[in-house]
$ cat final39.cif   # mmCIF, C-alpha atoms and all ligand atoms
data_query
#
loop_
_atom_site.label_atom_id
_atom_site.label_comp_id
_atom_site.auth_asym_id
_atom_site.auth_seq_id
_atom_site.Cartn_x
_atom_site.Cartn_y
_atom_site.Cartn_z
CA MET A 21 -14.76 -5.79 -31.20
CA LYS A 22 -12.00 -5.28 -28.66
CA THR A 23 -12.55 -5.57 -24.94
CA ILE A 24 -10.33 -3.38 -22.78
CA VAL A 25 -10.36 -3.80 -19.01
CA VAL A 26 -9.15 -0.94 -16.85
CA PHE A 27 -7.91 -2.56 -13.70
CA ASN A 28 -5.92 -1.92 -10.56
CA GLN A 29 -6.76 -3.36 -7.15
CA LYS A 30 -5.56 -0.07 -5.70
CA GLY A 31 -8.32 2.48 -5.15
CA GLY A 32 -8.54 6.03 -6.44
CA VAL A 33 -5.93 5.66 -9.17
CA GLY A 34 -8.03 7.02 -12.01
CA LYS A 35 -9.67 3.85 -13.38
CA THR A 36 -13.10 5.38 -13.74
CA SER A 37 -11.72 8.71 -14.98
CA THR A 38 -9.78 6.83 -17.64
CA VAL A 39 -12.76 4.74 -18.79
CA ALA A 40 -15.01 7.81 -18.90
CA ASN A 41 -12.60 9.98 -20.88
CA LEU A 42 -11.53 7.20 -23.23
CA MET A 43 -15.18 6.51 -23.99
CA ALA A 44 -15.62 10.17 -24.90
CA GLU A 45 -12.50 10.18 -27.10
CA MET A 46 -13.55 7.00 -28.87
CA LYS A 47 -17.08 8.27 -29.41
CA ARG A 48 -15.59 11.37 -31.05
CA ARG A 49 -13.82 9.06 -33.47
CA ASN A 50 -17.20 7.52 -34.34
CA LEU A 51 -16.37 4.25 -32.67
CA ARG A 52 -19.28 2.33 -31.20
CA VAL A 53 -18.44 2.05 -27.51
CA LEU A 54 -19.96 0.19 -24.57
CA GLY A 55 -18.83 1.06 -21.05
CA VAL A 56 -19.37 -1.68 -18.48
CA ASP A 57 -19.50 -0.66 -14.82
CA LEU A 58 -18.43 -3.57 -12.61
CA ASP A 59 -18.03 -1.48 -9.46
CA ALA A 60 -20.70 -1.35 -6.74
CA GLN A 61 -19.62 2.26 -6.14
CA ALA A 62 -21.22 2.86 -9.57
CA ASN A 63 -19.06 5.90 -10.34
CA LEU A 64 -19.08 5.32 -14.10
CA THR A 65 -22.85 4.89 -13.98
CA ALA A 66 -23.35 8.14 -12.06
CA PHE A 67 -20.88 10.03 -14.24
CA ASN A 68 -23.00 9.10 -17.24
CA GLY A 69 -26.06 10.58 -15.58
CA ILE A 70 -27.71 7.29 -14.70
CA VAL A 71 -29.44 7.53 -11.32
CA ASN A 72 -31.01 4.49 -9.61
CA PRO A 73 -30.99 2.21 -12.65
CA ILE A 74 -33.76 -0.40 -12.54
CA LYS A 75 -31.76 -3.02 -14.42
CA THR A 76 -28.04 -3.36 -13.87
CA VAL A 77 -25.05 -5.55 -14.60
CA ARG A 78 -25.96 -7.47 -11.44
CA ASP A 79 -29.21 -8.72 -13.00
CA VAL A 80 -27.32 -9.65 -16.15
CA LEU A 81 -24.59 -11.54 -14.29
CA LEU A 82 -27.21 -13.39 -12.22
CA ASN A 83 -28.77 -14.51 -15.48
CA GLU A 84 -32.04 -12.78 -14.71
CA ILE A 85 -32.31 -10.59 -17.82
CA PRO A 86 -30.63 -10.36 -21.23
CA LEU A 87 -27.77 -7.86 -21.33
CA GLU A 88 -29.49 -5.57 -23.84
CA GLN A 89 -32.28 -4.89 -21.34
CA ALA A 90 -29.88 -3.20 -18.92
CA VAL A 91 -27.87 -1.15 -21.43
CA GLN A 92 -28.61 2.56 -21.57
CA SER A 93 -27.64 4.96 -24.30
CA CYS A 94 -25.63 7.93 -22.93
CA LYS A 95 -23.76 10.98 -24.17
CA TYR A 96 -20.40 9.20 -24.48
CA GLY A 97 -21.64 5.78 -25.61
CA ASP A 98 -23.73 2.96 -24.22
CA ILE A 99 -23.47 2.03 -20.56
CA LEU A 100 -24.16 -1.22 -18.75
CA PRO A 101 -24.77 0.33 -15.32
CA ALA A 102 -24.04 -0.93 -11.82
CA ASP A 103 -25.50 -0.13 -8.44
CA SER A 104 -24.61 -0.82 -4.82
CA ALA A 105 -26.58 -4.11 -4.82
CA LEU A 106 -23.69 -5.64 -6.74
CA GLN A 107 -21.64 -5.63 -3.55
CA ALA A 108 -23.80 -8.22 -1.79
CA GLU A 109 -23.64 -10.77 -4.60
CA GLN A 110 -20.02 -11.85 -4.43
CA MET A 111 -20.86 -15.03 -2.48
CA ARG A 112 -23.61 -15.93 -4.91
CA PHE A 113 -21.31 -15.34 -7.85
CA ALA A 114 -18.71 -17.54 -6.19
CA THR A 115 -21.12 -20.46 -6.09
CA MET A 116 -22.42 -20.05 -9.64
CA PRO A 117 -20.91 -22.67 -11.94
CA ALA A 118 -18.41 -21.22 -14.42
CA PHE A 119 -19.14 -17.69 -13.23
CA VAL A 120 -15.68 -16.55 -14.19
CA ILE A 121 -16.32 -17.11 -17.92
CA ARG A 122 -19.82 -15.65 -17.73
CA LEU A 123 -19.03 -12.08 -18.70
CA ARG A 124 -16.98 -13.19 -21.69
CA THR A 125 -19.89 -15.35 -22.88
CA LEU A 126 -22.30 -12.44 -22.41
CA LEU A 127 -20.14 -9.98 -24.36
CA GLN A 128 -19.31 -12.27 -27.29
CA PRO A 129 -22.64 -11.78 -29.12
CA LEU A 130 -22.02 -7.99 -29.14
CA ALA A 131 -19.15 -8.36 -31.63
CA ASP A 132 -21.13 -6.69 -34.43
CA THR A 133 -22.71 -4.05 -32.20
CA TYR A 134 -19.61 -2.42 -30.67
CA ASP A 135 -16.10 -1.61 -31.79
CA VAL A 136 -14.76 -1.26 -28.26
CA ILE A 137 -15.96 -2.39 -24.85
CA LEU A 138 -14.34 -0.59 -21.93
CA ILE A 139 -14.73 -2.24 -18.54
CA ASP A 140 -14.35 -0.30 -15.29
CA CYS A 141 -13.33 -2.50 -12.35
CA PRO A 142 -13.70 -2.04 -8.59
CA PRO A 143 -10.52 -1.60 -6.52
CA VAL A 144 -10.50 -5.24 -5.38
CA VAL A 145 -9.80 -8.69 -6.68
CA ASN A 146 -13.07 -10.56 -6.54
CA GLN A 147 -15.27 -12.80 -8.67
CA VAL A 148 -16.29 -9.89 -10.83
CA THR A 149 -12.78 -8.61 -11.55
CA ALA A 150 -11.69 -12.16 -12.35
CA ALA A 151 -14.59 -12.40 -14.80
CA ALA A 152 -13.52 -9.09 -16.36
CA LEU A 153 -9.96 -10.31 -16.85
CA VAL A 154 -11.24 -13.51 -18.45
CA ALA A 155 -13.28 -11.37 -20.87
CA ALA A 156 -10.36 -9.04 -21.65
CA ASP A 157 -8.48 -8.77 -24.90
CA TYR A 158 -6.44 -5.99 -23.33
CA VAL A 159 -5.74 -4.57 -19.88
CA ILE A 160 -4.78 -1.02 -18.94
CA ILE A 161 -3.40 -0.43 -15.46
CA PRO A 162 -3.64 3.16 -14.21
CA ALA A 163 -1.20 3.92 -11.43
CA GLU A 164 0.31 6.86 -9.65
CA ALA A 165 4.07 7.31 -9.72
CA GLU A 166 4.49 6.39 -6.09
CA TYR A 167 6.32 3.73 -4.15
CA PHE A 168 3.28 1.55 -3.41
CA SER A 169 2.41 1.37 -7.10
CA ALA A 170 5.74 -0.19 -7.93
CA VAL A 171 5.11 -2.79 -5.22
CA GLY A 172 1.52 -3.34 -6.39
CA VAL A 173 2.57 -4.17 -9.94
CA GLU A 174 3.77 -7.57 -8.82
CA MET A 175 0.43 -8.36 -7.20
CA LEU A 176 -1.34 -7.27 -10.38
CA ALA A 177 0.88 -9.57 -12.41
CA ASN A 178 -0.05 -12.48 -10.14
CA THR A 179 -3.75 -11.76 -10.56
CA ILE A 180 -3.40 -11.57 -14.34
CA ASN A 181 -1.35 -14.76 -14.44
CA GLU A 182 -4.10 -16.56 -12.55
CA VAL A 183 -6.61 -16.01 -15.36
CA LYS A 184 -4.18 -16.95 -18.14
CA PRO A 185 -5.26 -20.61 -18.29
CA LEU A 186 -8.76 -19.37 -19.13
CA ASN A 187 -7.61 -16.43 -21.26
CA PRO A 188 -4.18 -17.19 -22.70
CA ASN A 189 -4.29 -14.27 -25.15
CA ILE A 190 -4.84 -11.55 -22.53
CA LYS A 191 -2.46 -8.67 -23.22
CA VAL A 192 -1.50 -5.92 -20.82
CA LEU A 193 -1.22 -2.80 -22.95
CA GLY A 194 0.68 -0.96 -20.29
CA VAL A 195 0.76 0.89 -17.01
CA LEU A 196 -0.74 4.35 -17.33
CA LEU A 197 0.78 7.03 -15.14
CA VAL A 198 -1.98 9.27 -13.82
CA LYS A 199 -2.04 12.38 -11.65
CA TYR A 200 1.38 13.02 -13.06
CA GLN A 201 3.43 15.95 -11.79
CA LYS A 202 6.61 16.21 -13.79
CA ARG A 203 8.31 18.77 -11.64
CA ARG A 204 8.31 16.53 -8.60
CA THR A 205 11.74 14.89 -8.40
CA LEU A 206 10.17 12.04 -6.49
CA THR A 207 7.87 11.36 -9.41
CA ARG A 208 10.75 11.10 -11.83
CA ALA A 209 12.76 8.72 -9.65
CA LEU A 210 9.76 6.52 -8.96
CA GLU A 211 8.84 6.58 -12.60
CA GLU A 212 12.05 4.73 -13.38
CA VAL A 213 11.39 2.18 -10.64
CA LEU A 214 7.85 1.69 -11.90
CA CYS A 215 9.01 1.27 -15.50
CA SER A 216 11.46 -1.44 -14.58
CA SER A 217 9.08 -3.28 -12.24
CA THR A 218 6.38 -3.13 -14.91
CA GLN A 219 8.68 -4.62 -17.50
CA LYS A 220 9.83 -7.31 -15.12
CA ALA A 221 6.47 -8.31 -13.67
CA LEU A 222 4.06 -7.66 -16.53
CA GLY A 223 6.33 -7.88 -19.56
CA CYS A 224 5.06 -4.59 -20.92
CA GLY A 225 5.93 -0.94 -20.74
CA VAL A 226 4.48 2.22 -19.32
CA PHE A 227 2.35 4.21 -21.80
CA ASN A 228 4.23 7.09 -23.44
CA THR A 229 1.26 9.26 -22.54
CA ARG A 230 1.02 10.43 -18.95
CA ILE A 231 -2.20 11.86 -17.54
CA HIS A 232 -1.21 15.05 -15.75
CA PHE A 233 -2.58 16.07 -12.40
CA THR A 234 -5.21 18.74 -12.90
CA VAL A 235 -8.29 19.93 -11.05
CA ASP A 236 -10.04 19.86 -14.42
CA ILE A 237 -10.58 16.10 -13.93
CA PRO A 238 -12.60 16.24 -10.68
CA ALA A 239 -14.27 19.46 -11.85
CA SER A 240 -15.34 17.90 -15.16
CA GLN A 241 -16.76 14.90 -13.31
CA ALA A 242 -18.81 17.14 -11.06
CA SER A 243 -20.37 18.53 -14.26
CA GLY A 244 -20.89 15.10 -15.84
CA LEU A 245 -18.64 16.04 -18.73
CA SER A 246 -15.55 14.58 -20.32
CA VAL A 247 -12.53 16.75 -19.62
CA ARG A 248 -12.58 17.82 -23.31
CA ASP A 249 -16.18 19.04 -23.07
CA TYR A 250 -15.44 20.72 -19.76
CA ARG A 251 -12.27 22.52 -20.83
CA ASN A 252 -10.90 21.91 -24.27
CA GLY A 253 -7.60 23.58 -23.43
CA SER A 254 -6.93 21.41 -20.38
CA LYS A 255 -3.67 19.46 -20.31
CA ALA A 256 -5.76 16.37 -19.49
CA THR A 257 -7.80 16.84 -22.67
CA GLU A 258 -4.62 16.57 -24.70
CA ASP A 259 -3.43 13.65 -22.54
CA TYR A 260 -6.58 11.56 -23.03
CA MET A 261 -6.58 12.33 -26.75
CA THR A 262 -2.97 11.16 -27.09
CA LEU A 263 -3.68 8.13 -24.92
CA CYS A 264 -6.62 7.18 -27.12
CA GLU A 265 -4.41 7.36 -30.20
CA GLU A 266 -1.71 5.33 -28.49
CA ILE A 267 -4.26 2.64 -27.63
CA LEU A 268 -5.94 2.56 -31.03
CA LYS A 269 -2.55 2.03 -32.68
CA GLU A 270 -1.98 -1.02 -30.48
CA ILE A 271 -5.30 -2.81 -30.72
N1 LIG A 301 -5.41 13.35 -13.63
C1 LIG A 301 -6.03 13.64 -12.50
N2 LIG A 301 -5.77 14.81 -11.85
C2 LIG A 301 -6.41 15.12 -10.71
N3 LIG A 301 -7.33 14.34 -10.13
C3 LIG A 301 -7.65 13.18 -10.72
C4 LIG A 301 -7.03 12.77 -11.94
N4 LIG A 301 -7.55 11.57 -12.29
C5 LIG A 301 -8.45 11.25 -11.36
N5 LIG A 301 -8.53 12.21 -10.42
C6 LIG A 301 -9.41 12.24 -9.23
O1 LIG A 301 -9.01 11.21 -8.35
C7 LIG A 301 -10.13 10.60 -7.75
C8 LIG A 301 -10.13 9.11 -8.07
O2 LIG A 301 -10.27 8.94 -9.47
P1 LIG A 301 -11.14 7.74 -10.04
O3 LIG A 301 -12.48 7.69 -9.38
O4 LIG A 301 -11.09 7.81 -11.52
O5 LIG A 301 -10.26 6.53 -9.55
P2 LIG A 301 -10.68 4.99 -9.44
O6 LIG A 301 -9.40 4.21 -9.60
O7 LIG A 301 -11.78 4.68 -10.38
O8 LIG A 301 -11.20 4.89 -7.95
P3 LIG A 301 -11.89 3.59 -7.28
O9 LIG A 301 -10.81 2.63 -7.06
O10 LIG A 301 -12.51 4.11 -6.02
O11 LIG A 301 -12.91 3.10 -8.27
C9 LIG A 301 -11.36 11.31 -8.31
O12 LIG A 301 -11.75 12.29 -7.41
C10 LIG A 301 -10.86 11.93 -9.59
O13 LIG A 301 -11.55 13.11 -9.93
MG MG A 302 -13.60 3.76 -10.01
#
$ encode --input "final39.cif" --output "structure tokens" --more "lines below"
Ligand SMILES: Nc1ncnc2c1ncn2[C@@H]1O[C@H](COP(=O)(O)OP(=O)(O)OP(=O)(O)O)[C@@H](O)[C@H]1O
Ligand SMILES: [Mg+2]
Amino acid sequence: MKTIVVFNQKGGVGKTSTVANLMAEMKRRNLRVLGVDLDAQANLTAFNGIVNPIKTVRDVLLNEIPLEQAVQSCKYGDILPADSALQAEQMRFATMPAFVIRLRTLLQPLADTYDVILIDCPPVVNQVTAAALVAADYVIIPAEAEYFSAVGVEMLANTINEVKPLNPNIKVLGVLLVKYQKRRTLTRALEEVLCSSTQKALGCGVFNTRIHFTVDIPASQASGLSVRDYRNGSKATEDYMTLCEEILKEI
């Protein structure tokens, strides 16, 4: 079992889209996948067709129910759902002893049940994202090729370095360029800046695969489908397929 955390404190950079489409690609390869929604916005939960879940990751993290009780079986794999109630619990989490290692402890017994666990994080650094990074074997950082991403990489590196004493083997697989528009000169110039700041701050590269900008992504989400199921010929279908292969070679 490999645990991959998709993380960036910046909002709207394609974290949830990446988790959702990677789940679909991995499911197609007959891998047993669990998607964990750690975001009170619950976008991954809603995408998977789960509306008003009775049991969520919040109940699991608060130690109120066993994890299996909250997991739901969905089209693209199993989902541990979230809901907006997660938002109000940060203070409680902060006062729970050893909360930061809690998620890792909860996921460990699933080693024989799943091949891959994909964790979708909220766009903040909080107790829950720290717990995700402690549970991570690997981290993927989606980012847009823009100036603020290059600056943000350093902050991300600091956050990741903070959990290293608890998770010395954490490995950043790479920065994933999303909403990519090759013909924009600005994109190309910033791409170089981002590549060098990534190498410097995180000690890893940018994925060879870029996820191109296409309306097929938001449109597929509105239909509750992976981009492949929505439009097989979409550039993003090819991108997420290639990304999946790139990841599976690494892990
Ligand atoms: N490759 C793409 N091309 C065009 N639009 C995209 C692409 N990837 C994601 N989007 C759109 O960008 C918006 C943000 O994407 P998404 O929700 O995946 O980001 P996020 O990082 O999870 O956001 P948040 O930080 O709020 O959780 C969504 O409307 C999504 O449909
Ligand atoms: Mg999201």
$ residues_near_ligand --input "final39.cif" --ligand "ligand LIG 301 (chain A)" --cutoff "9 Å" --atoms "only C-alpha atoms and all ligand atoms" --output "PyMOL selection string"
chain A and resi 26-40+59+61-64+140-144+162-163+197-200+230-242+256
$ closest_residue --input "final39.cif" --among "A:Ala60, A:Ile190, A:Ala105, A:Leu206" --to "Asp79 in chain A" --atoms "only C-alpha atoms"
A:Ala105
$ residues_near_point --input "final39.cif" --point "(2.5, -1.1, -27.0)" --cutoff "8 Å" --atoms "all atoms listed in the file" --output "JSON, numbers by chain"
{"A": [193, 194, 224, 225, 227, 266, 267, 270]}
$ closest_residue --input "final39.cif" --among "A:Thr65, A:Thr207, A:Asn50, A:Thr125" --to "ligand MG 302 (chain A)" --atoms "all atoms listed in the file"
A:Thr65
$ axis_aligned_box --input "final39.cif" --around "range 185-203 of chain A" --padding-each-side "8 Å" --output "AutoDock Vina command-line options"
--center_x -0.2 --center_y -0.9 --center_z -18.4 --size_x 33.1 --size_y 55.4 --size_z 29.5
$ closest_residue --input "final39.cif" --among "A:Ile74, A:Leu58, A:Lys255, A:Pro185" --to "ligand MG 302 (chain A)" --atoms "all atoms listed in the file"
A:Leu58
$ atom_distance --input "final39.cif" --atom1 "CA of Gly97 in chain A" --atom2 "CA of Leu81 in chain A"
20.9 Å
